[in-house]
>>> print(open('run_36.pdb').read())   # PDB, C-alpha atoms and all ligand atoms
ATOM      1  CA  MET A   1     110.481 197.390 157.704
ATOM      2  CA  ARG A   2     109.821 201.017 158.668
ATOM      3  CA  ILE A   3     107.120 202.482 156.420
ATOM      4  CA  LEU A   4     105.753 206.023 156.274
ATOM      5  CA  ILE A   5     102.230 206.347 154.857
ATOM      6  CA  LEU A   6     101.203 209.839 153.772
ATOM      7  CA  GLY A   7      97.485 209.699 154.400
ATOM      8  CA  GLY A   8      94.267 211.586 154.864
ATOM      9  CA  THR A   9      92.339 209.294 152.508
ATOM     10  CA  THR A  10      90.168 206.160 152.538
ATOM     11  CA  GLU A  11      92.972 204.288 150.746
ATOM     12  CA  ALA A  12      95.539 205.210 153.403
ATOM     13  CA  SER A  13      93.184 204.024 156.138
ATOM     14  CA  ALA A  14      92.585 200.755 154.251
ATOM     15  CA  LEU A  15      96.341 200.234 153.940
ATOM     16  CA  ALA A  16      96.756 200.927 157.666
ATOM     17  CA  GLY A  17      94.142 198.251 158.354
ATOM     18  CA  LEU A  18      95.987 195.706 156.198
ATOM     19  CA  LEU A  19      99.366 196.475 157.782
ATOM     20  CA  ALA A  20      98.119 196.340 161.380
ATOM     21  CA  GLY A  21      99.143 193.096 163.005
ATOM     22  CA  ARG A  22     101.814 192.282 160.368
ATOM     23  CA  SER A  23     104.880 192.012 162.558
ATOM     24  CA  GLU A  24     107.353 192.309 159.649
ATOM     25  CA  PHE A  25     106.153 195.880 158.986
ATOM     26  CA  SER A  26     106.404 198.902 161.262
ATOM     27  CA  PRO A  27     104.112 201.511 159.695
ATOM     28  CA  LEU A  28     103.565 205.144 160.693
ATOM     29  CA  LEU A  29     100.662 207.079 159.194
ATOM     30  CA  SER A  30     100.990 210.827 158.708
ATOM     31  CA  MET A  31      98.113 213.292 158.369
ATOM     32  CA  ALA A  32      98.226 217.011 157.676
ATOM     33  CA  GLY A  33      95.861 217.869 160.541
ATOM     34  CA  ARG A  34      93.111 219.461 158.449
ATOM     35  CA  THR A  35      90.385 217.406 160.187
ATOM     36  CA  SER A  36      90.041 218.134 163.897
ATOM     37  CA  ASP A  37      88.553 214.741 164.775
ATOM     38  CA  PRO A  38      90.073 212.137 162.433
ATOM     39  CA  ARG A  39      88.777 208.577 162.601
ATOM     40  CA  PRO A  40      90.983 206.387 164.817
ATOM     41  CA  LEU A  41      93.385 204.040 162.992
ATOM     42  CA  PRO A  42      94.938 200.735 164.078
ATOM     43  CA  ILE A  43      98.581 201.840 163.556
ATOM     44  CA  PRO A  44     100.707 204.654 165.046
ATOM     45  CA  THR A  45      99.923 208.082 163.608
ATOM     46  CA  ARG A  46     101.528 211.513 163.553
ATOM     47  CA  ILE A  47      99.851 214.812 162.659
ATOM     48  CA  GLY A  48     101.194 217.986 161.021
ATOM     49  CA  GLY A  49     103.495 219.078 158.194
ATOM     50  CA  PHE A  50     107.173 218.090 157.993
ATOM     51  CA  GLY A  51     108.491 221.500 156.959
ATOM     52  CA  GLY A  52     108.786 221.111 153.182
ATOM     53  CA  VAL A  53     111.132 218.842 151.229
ATOM     54  CA  ASP A  54     114.097 219.323 153.568
ATOM     55  CA  GLY A  55     112.024 218.642 156.667
ATOM     56  CA  LEU A  56     110.602 215.457 155.180
ATOM     57  CA  ALA A  57     114.020 214.249 153.979
ATOM     58  CA  ARG A  58     115.385 214.792 157.495
ATOM     59  CA  PHE A  59     112.428 212.964 159.010
ATOM     60  CA  LEU A  60     112.951 209.970 156.702
ATOM     61  CA  THR A  61     116.595 209.697 157.716
ATOM     62  CA  GLN A  62     116.031 210.266 161.430
ATOM     63  CA  GLU A  63     113.193 207.740 161.616
ATOM     64  CA  ARG A  64     115.105 205.232 159.434
ATOM     65  CA  ILE A  65     112.136 204.982 157.051
ATOM     66  CA  GLU A  66     112.732 202.369 154.332
ATOM     67  CA  ALA A  67     109.650 202.946 152.168
ATOM     68  CA  VAL A  68     107.129 205.765 151.713
ATOM     69  CA  ILE A  69     103.608 205.205 150.438
ATOM     70  CA  ASP A  70     102.109 208.431 149.115
ATOM     71  CA  ALA A  71      98.412 207.756 149.688
ATOM     72  CA  THR A  72      97.419 211.426 149.803
ATOM     73  CA  HIS A  73      94.323 212.734 148.057
ATOM     74  CA  PRO A  74      94.584 213.251 144.270
ATOM     75  CA  PHE A  75      94.301 217.016 144.904
ATOM     76  CA  ALA A  76      97.123 217.130 147.474
ATOM     77  CA  ALA A  77      99.667 218.177 144.838
ATOM     78  CA  ILE A  78     102.267 219.828 147.060
ATOM     79  CA  MET A  79     102.673 216.891 149.431
ATOM     80  CA  SER A  80     103.146 214.438 146.548
ATOM     81  CA  ARG A  81     105.785 216.644 144.947
ATOM     82  CA  ASN A  82     107.575 217.053 148.273
ATOM     83  CA  ALA A  83     107.462 213.288 148.835
ATOM     84  CA  ALA A  84     109.049 212.587 145.432
ATOM     85  CA  GLU A  85     111.864 215.086 146.019
ATOM     86  CA  ALA A  86     112.508 214.081 149.639
ATOM     87  CA  CYS A  87     112.594 210.350 148.819
ATOM     88  CA  THR A  88     115.113 210.980 146.045
ATOM     89  CA  ALA A  89     117.249 213.096 148.388
ATOM     90  CA  ALA A  90     117.114 210.535 151.220
ATOM     91  CA  GLY A  91     117.412 207.459 148.960
ATOM     92  CA  VAL A  92     114.095 205.981 150.110
ATOM     93  CA  SER A  93     111.708 203.916 147.915
ATOM     94  CA  LEU A  94     108.428 205.634 147.033
ATOM     95  CA  LEU A  95     105.118 204.209 145.848
ATOM     96  CA  ALA A  96     102.013 206.254 145.014
ATOM     97  CA  LEU A  97      98.659 204.753 145.979
ATOM     98  CA  ARG A  98      96.110 206.587 143.848
ATOM     99  CA  ARG A  99      92.492 205.871 143.110
ATOM    100  CA  PRO A 100      91.619 206.157 139.422
ATOM    101  CA  PRO A 101      89.622 209.248 138.400
ATOM    102  CA  TRP A 102      85.900 208.990 137.667
ATOM    103  CA  SER A 103      84.875 209.092 134.026
ATOM    104  CA  ALA A 104      81.543 210.221 132.603
ATOM    105  CA  GLN A 105      78.930 207.484 132.081
ATOM    106  CA  GLU A 106      75.982 207.469 129.719
ATOM    107  CA  GLY A 107      73.432 209.973 131.011
ATOM    108  CA  ASP A 108      75.994 212.134 132.814
ATOM    109  CA  ARG A 109      75.916 215.862 131.999
ATOM    110  CA  TRP A 110      79.488 216.774 132.925
ATOM    111  CA  ILE A 111      81.159 220.107 132.354
ATOM    112  CA  GLU A 112      84.893 219.492 132.845
ATOM    113  CA  VAL A 113      87.048 222.401 134.017
ATOM    114  CA  SER A 114      90.642 222.711 135.191
ATOM    115  CA  SER A 115      90.386 224.989 138.238
ATOM    116  CA  MET A 116      87.997 226.203 140.933
ATOM    117  CA  GLU A 117      88.021 229.676 139.327
ATOM    118  CA  GLU A 118      86.857 228.141 136.043
ATOM    119  CA  ALA A 119      84.208 226.147 137.913
ATOM    120  CA  ALA A 120      82.866 229.355 139.497
ATOM    121  CA  ARG A 121      82.669 231.006 136.056
ATOM    122  CA  ALA A 122      80.997 227.928 134.547
ATOM    123  CA  LEU A 123      78.046 228.415 136.923
ATOM    124  CA  GLY A 124      77.007 231.324 134.677
ATOM    125  CA  ASP A 125      75.473 234.734 135.338
ATOM    126  CA  GLU A 126      71.944 233.635 136.261
ATOM    127  CA  PRO A 127      71.442 232.781 139.955
ATOM    128  CA  ARG A 128      71.372 229.005 140.470
ATOM    129  CA  ARG A 129      71.103 226.601 143.391
ATOM    130  CA  VAL A 130      74.523 224.975 143.578
ATOM    131  CA  PHE A 131      75.604 221.878 145.530
ATOM    132  CA  LEU A 132      79.242 222.734 146.253
ATOM    133  CA  THR A 133      81.254 219.692 147.393
ATOM    134  CA  VAL A 134      84.852 220.705 146.778
ATOM    135  CA  GLY A 135      86.184 220.895 150.350
ATOM    136  CA  ARG A 136      86.410 223.825 152.755
ATOM    137  CA  LEU A 137      89.795 225.047 151.526
ATOM    138  CA  GLU A 138      88.578 225.409 147.929
ATOM    139  CA  LEU A 139      85.600 227.660 148.682
ATOM    140  CA  PRO A 140      87.111 231.190 148.305
ATOM    141  CA  PRO A 141      87.056 231.284 144.447
ATOM    142  CA  PHE A 142      83.242 230.937 144.548
ATOM    143  CA  ALA A 143      82.965 234.306 146.344
ATOM    144  CA  ALA A 144      83.507 235.735 142.832
ATOM    145  CA  ALA A 145      80.034 234.394 141.905
ATOM    146  CA  PRO A 146      77.877 235.711 144.808
ATOM    147  CA  GLN A 147      74.599 235.585 142.836
ATOM    148  CA  HIS A 148      74.151 231.854 143.434
ATOM    149  CA  THR A 149      72.739 230.002 146.447
ATOM    150  CA  TYR A 150      75.327 227.526 147.699
ATOM    151  CA  LEU A 151      74.561 224.287 149.505
ATOM    152  CA  VAL A 152      78.033 223.600 150.922
ATOM    153  CA  ARG A 153      78.964 220.283 152.512
ATOM    154  CA  THR A 154      82.263 220.036 154.384
ATOM    155  CA  ILE A 155      83.788 217.989 157.197
ATOM    156  CA  GLU A 156      84.831 221.035 159.220
ATOM    157  CA  PRO A 157      82.792 224.266 159.707
ATOM    158  CA  ILE A 158      83.317 226.650 156.792
ATOM    159  CA  GLY A 159      83.803 229.783 158.918
ATOM    160  CA  ASP A 160      84.051 232.816 156.627
ATOM    161  CA  ALA A 161      85.536 230.913 153.667
ATOM    162  CA  LEU A 162      82.574 231.741 151.391
ATOM    163  CA  PRO A 163      81.424 235.333 152.024
ATOM    164  CA  VAL A 164      78.272 235.417 149.843
ATOM    165  CA  PRO A 165      74.653 236.219 150.871
ATOM    166  CA  ASN A 166      73.078 232.781 150.371
ATOM    167  CA  VAL A 167      74.869 229.791 151.900
ATOM    168  CA  ILE A 168      73.367 226.650 153.407
ATOM    169  CA  ALA A 169      76.193 224.839 155.229
ATOM    170  CA  ILE A 170      76.074 221.141 156.125
ATOM    171  CA  GLN A 171      78.778 219.303 158.056
ATOM    172  CA  ASP A 172      79.098 215.633 157.180
ATOM    173  CA  ARG A 173      81.684 213.150 155.966
ATOM    174  CA  ALA A 174      81.734 210.303 153.469
ATOM    175  CA  PRO A 175      80.640 207.649 152.765
ATOM    176  CA  PHE A 176      77.240 208.812 151.504
ATOM    177  CA  SER A 177      74.480 206.720 149.923
ATOM    178  CA  GLU A 178      72.986 207.448 146.517
ATOM    179  CA  ALA A 179      69.466 207.533 147.988
ATOM    180  CA  ALA A 180      70.487 210.098 150.611
ATOM    181  CA  GLU A 181      72.316 212.219 148.021
ATOM    182  CA  GLN A 182      69.274 212.203 145.749
ATOM    183  CA  ALA A 183      66.960 213.106 148.637
ATOM    184  CA  LEU A 184      69.262 215.975 149.676
ATOM    185  CA  MET A 185      69.450 217.371 146.139
ATOM    186  CA  GLU A 186      65.678 217.163 145.714
ATOM    187  CA  ARG A 187      64.930 218.709 149.107
ATOM    188  CA  GLU A 188      67.323 221.617 148.493
ATOM    189  CA  ARG A 189      66.189 222.004 144.851
ATOM    190  CA  VAL A 190      69.766 221.717 143.611
ATOM    191  CA  GLU A 191      70.223 222.755 139.974
ATOM    192  CA  VAL A 192      73.933 222.056 139.485
ATOM    193  CA  VAL A 193      76.639 220.112 141.361
ATOM    194  CA  VAL A 194      80.317 221.122 141.628
ATOM    195  CA  THR A 195      82.896 218.478 142.523
ATOM    196  CA  LYS A 196      86.559 217.608 142.234
ATOM    197  CA  ASN A 197      87.340 214.514 140.198
ATOM    198  CA  SER A 198      88.366 212.761 143.389
ATOM    199  CA  GLY A 199      87.639 209.205 142.256
ATOM    200  CA  GLY A 200      86.796 206.373 144.653
ATOM    201  CA  ALA A 201      83.520 204.973 145.918
ATOM    202  CA  ALA A 202      82.935 207.007 149.087
ATOM    203  CA  THR A 203      81.810 210.219 147.378
ATOM    204  CA  TYR A 204      80.670 208.818 144.012
ATOM    205  CA  PRO A 205      76.954 208.651 144.986
ATOM    206  CA  LYS A 206      76.550 212.408 144.346
ATOM    207  CA  ILE A 207      77.564 211.790 140.719
ATOM    208  CA  ALA A 208      75.122 208.893 140.380
ATOM    209  CA  ALA A 209      72.323 210.897 142.030
ATOM    210  CA  ALA A 210      72.923 213.864 139.700
ATOM    211  CA  ARG A 211      72.697 211.477 136.722
ATOM    212  CA  VAL A 212      69.326 210.126 137.924
ATOM    213  CA  LEU A 213      68.016 213.665 138.452
ATOM    214  CA  GLY A 214      69.400 214.851 135.093
ATOM    215  CA  LEU A 215      71.504 217.577 136.756
ATOM    216  CA  PRO A 216      74.688 219.035 135.259
ATOM    217  CA  VAL A 217      77.894 218.400 137.204
ATOM    218  CA  ILE A 218      80.888 220.729 136.978
ATOM    219  CA  VAL A 219      83.899 218.427 137.428
ATOM    220  CA  VAL A 220      87.270 219.960 138.337
ATOM    221  CA  ALA A 221      90.167 217.969 136.844
ATOM    222  CA  ARG A 222      93.031 216.718 138.996
ATOM    223  CA  PRO A 223      96.250 218.680 139.366
ATOM    224  CA  GLY A 224      99.444 217.133 138.005
ATOM    225  CA  LYS A 225     101.352 214.695 140.214
ATOM    226  CA  PRO A 226     105.101 214.032 139.965
ATOM    227  CA  ARG A 227     106.141 211.832 137.037
ATOM    228  CA  GLY A 228     108.286 208.743 137.304
ATOM    229  CA  VAL A 229     106.760 207.513 140.572
ATOM    230  CA  GLU A 230     105.521 203.922 140.543
ATOM    231  CA  GLU A 231     101.776 203.837 141.094
ATOM    232  CA  VAL A 232      99.132 201.349 142.247
ATOM    233  CA  ALA A 233      95.373 201.775 142.646
ATOM    234  CA  SER A 234      94.540 199.698 145.725
ATOM    235  CA  ALA A 235      95.778 199.077 149.257
ATOM    236  CA  GLU A 236      96.156 195.360 148.403
ATOM    237  CA  ALA A 237      98.467 196.223 145.501
ATOM    238  CA  ALA A 238     100.507 198.461 147.798
ATOM    239  CA  ILE A 239     100.993 195.538 150.210
ATOM    240  CA  GLU A 240     102.177 193.349 147.311
ATOM    241  CA  TRP A 241     104.658 196.069 146.313
ATOM    242  CA  LEU A 242     105.982 196.234 149.880
ATOM    243  CA  GLU A 243     106.377 192.459 150.073
ATOM    244  CA  ARG A 244     107.996 192.204 146.622
ATOM    245  CA  ARG A 245     110.252 195.167 146.983
ATOM    246  CA  HIS A 246     111.790 193.944 150.179
ATOM    247  CA  GLY A 247     111.634 190.225 149.540
ATOM    248  CA  ARG A 248     109.791 189.501 152.720
ATOM    249  CA  THR A 249     106.756 187.640 151.430
ATOM    250  CA  PRO A 250     105.618 185.587 154.403
TER
HETATM  251  N1  LIG B 301      93.054 218.398 148.789
HETATM  252  C1  LIG B 301      91.961 217.660 148.925
HETATM  253  O1  LIG B 301      90.983 217.773 148.178
HETATM  254  C2  LIG B 301      91.896 216.623 150.022
HETATM  255  C3  LIG B 301      90.721 215.876 150.157
HETATM  256  C4  LIG B 301      90.661 214.888 151.147
HETATM  257  C5  LIG B 301      91.743 214.678 151.947
HETATM  258  N2  LIG B 301      92.880 215.419 151.783
HETATM  259  C6  LIG B 301      94.020 215.153 152.661
HETATM  260  O2  LIG B 301      94.262 216.313 153.409
HETATM  261  C7  LIG B 301      95.656 216.523 153.572
HETATM  262  C8  LIG B 301      96.065 217.900 153.093
HETATM  263  O3  LIG B 301      95.721 218.041 151.731
HETATM  264  P1  LIG B 301      96.185 219.344 150.932
HETATM  265  O4  LIG B 301      95.503 219.300 149.608
HETATM  266  O5  LIG B 301      96.072 220.539 151.800
HETATM  267  O6  LIG B 301      97.738 218.996 150.738
HETATM  268  P2  LIG B 301      98.873 219.803 149.948
HETATM  269  O7  LIG B 301      98.345 221.130 149.503
HETATM  270  O8  LIG B 301      99.471 218.904 148.929
HETATM  271  O9  LIG B 301      99.957 219.979 151.092
HETATM  272  C9  LIG B 301     100.200 221.192 151.778
HETATM  273  C10 LIG B 301     101.092 220.919 152.966
HETATM  274  O10 LIG B 301     100.383 220.194 153.957
HETATM  275  C11 LIG B 301     101.247 219.268 154.591
HETATM  276  N3  LIG B 301     100.714 217.907 154.359
HETATM  277  C12 LIG B 301      99.876 217.482 153.371
HETATM  278  N4  LIG B 301      99.585 216.198 153.519
HETATM  279  C13 LIG B 301     100.248 215.768 154.614
HETATM  280  C14 LIG B 301     100.336 214.523 155.291
HETATM  281  N5  LIG B 301      99.667 213.428 154.868
HETATM  282  N6  LIG B 301     101.139 214.449 156.401
HETATM  283  C15 LIG B 301     101.821 215.547 156.848
HETATM  284  N7  LIG B 301     101.757 216.752 156.246
HETATM  285  C16 LIG B 301     100.978 216.866 155.159
HETATM  286  C17 LIG B 301     102.625 219.455 153.996
HETATM  287  O11 LIG B 301     103.274 220.400 154.819
HETATM  288  P3  LIG B 301     104.889 220.468 154.957
HETATM  289  O12 LIG B 301     105.376 221.060 153.676
HETATM  290  O13 LIG B 301     105.121 221.293 156.167
HETATM  291  O14 LIG B 301     105.374 219.032 155.126
HETATM  292  C18 LIG B 301     102.292 220.038 152.638
HETATM  293  O15 LIG B 301     103.337 220.800 152.078
HETATM  294  C19 LIG B 301      96.361 215.380 152.849
HETATM  295  O16 LIG B 301      96.728 214.448 153.833
HETATM  296  C20 LIG B 301      95.313 214.851 151.911
HETATM  297  O17 LIG B 301      95.482 213.461 151.674
HETATM  298  C21 LIG B 301      92.975 216.389 150.848
END
>>> encode(input="run_36.pdb", output="structure tokens")
Amino acid sequence: MRILILGGTTEASALAGLLAGRSEFSPLLSMAGRTSDPRPLPIPTRIGGFGGVDGLARFLTQERIEAVIDATHPFAAIMSRNAAEACTAAGVSLLALRRPPWSAQEGDRWIEVSSMEEAARALGDEPRRVFLTVGRLELPPFAAAPQHTYLVRTIEPIGDALPVPNVIAIQDRAPFSEAAEQALMERERVEVVVTKNSGGAATYPKIAAARVLGLPVIVVARPGKPRGVEEVASAEAAIEWLERRHGRTP
């Protein structure tokens, strides 16, 4: 069975690992190409956009794809919408593999907002030391709040994405440990953390560390994803769906 996995996430990589070596499946993993040095995966991969809904629908037909697993990041809203429309147009089955969002625990001091612009405003007028972990492409709205000092952690260099006077840039990629997150926040005298509600274990330690340190966390809510798409929360459940759907349980 020819499967297209829309990836760029821990879950997509886990699914690739489970599908590798299963001769009844022929998976292809697709990434947008935002990371210049992605971790190697044990199945064939392709990199780059498809050219919108029409391009993806054409690709599905040309490559005789029988099932698409949308395992993109919860904030990759355009790709998920394109996948839903293209699968309908091409008559291909679609499953969304999505990690559940984080929810506030006792001791958390969350400020929930619905956009990066709102997050930047929620930092307030007084200069603060901000740990900004929202991804390189989401930095520009914070230029509207140049009074703060930003500790920015991204996978790729930030270039000129955040043109403010005080930026400390770190390049690193998940997973992170809670102890290391706490040490980083203490060393840099962080006063407030800004994060997307990405969900998953790999980047959760910053939330746990902020709780221990009693720091407020500005949490940006997820964008809407297309309705009516069947959804699972783990790579194992996606495998079960593939086996069930196509009646090929070994
Ligand atoms: N947004 C985040 O916070 C975040 C965090 C971690 C990882 N990621 C990963 O980074 C990638 C891009 O995220 P985004 O938020 O920029 O997406 P997006 O805004 O939803 O998508 C923008 C365009 O990028 C292309 N694209 C996105 N994902 C793709 C994939 N897996 N394979 C091929 N093309 C893809 C598509 O181009 P065409 O229209 O030309 O097909 C899409 O229209 C995704 O793979 C996502 O899983 C995103």
>>> residues_near_ligand(input="run_36.pdb", ligand="ligand LIG 301 (chain B)", cutoff="9 Å", atoms="only C-alpha atoms and all ligand atoms", output="PyMOL selection string")
chain A and resi 5-10+12+29-35+46-56+70-83+134-138+196+198
>>> resolve_selection(input="run_36.pdb", expression="the PyMOL selection byres (((chain A and resi 110) around 12) and not hetatm)", output="JSON, numbers by chain")
{"A": [102, 103, 104, 105, 106, 107, 108, 109, 111, 112, 113, 119, 122, 192, 193, 194, 195, 196, 197, 207, 208, 210, 211, 214, 215, 216, 217, 218, 219, 220, 221]}
>>> atom_distance(input="run_36.pdb", atom1="atom CA of Ala209 of chain A", atom2="atom CA of Leu184 of chain A")
9.7 Å
>>> closest_residue(input="run_36.pdb", among="A:Val229, A:Ile65, A:Ala235, A:Leu242", to="Ser13 of chain A", atoms="only C-alpha atoms")
A:Ala235
>>> resolve_selection(input="run_36.pdb", expression="the PyMOL selection byres (((chain A and resi 141-144) around 6) and not hetatm)", output="PDB file with C-alpha atoms, in the coordinates of the input")
ATOM      1  CA  GLU A 117      88.021 229.676 139.327  1.00  0.00           C
ATOM      2  CA  ALA A 120      82.866 229.355 139.497  1.00  0.00           C
ATOM      3  CA  LEU A 139      85.600 227.660 148.682  1.00  0.00           C
ATOM      4  CA  PRO A 140      87.111 231.190 148.305  1.00  0.00           C
ATOM      5  CA  ALA A 145      80.034 234.394 141.905  1.00  0.00           C
ATOM      6  CA  PRO A 146      77.877 235.711 144.808  1.00  0.00           C
ATOM      7  CA  LEU A 162      82.574 231.741 151.391  1.00  0.00           C
ATOM      8  CA  PRO A 163      81.424 235.333 152.024  1.00  0.00           C
ATOM      9  CA  VAL A 164      78.272 235.417 149.843  1.00  0.00           C
TER      10      VAL A 164
END
>>> resolve_selection(input="run_36.pdb", expression="the PyMOL selection byres (((chain A and resi 169-172) around 10) and not hetatm)", output="list in words")
Leu132, Tyr150, Leu151, Val152, Arg153, Thr154, Ile155, Glu156, Pro157, Ile158, Gly159, Asn166, Val167, Ile168, Arg173, Ala174, Pro175 and Phe176 of chain A
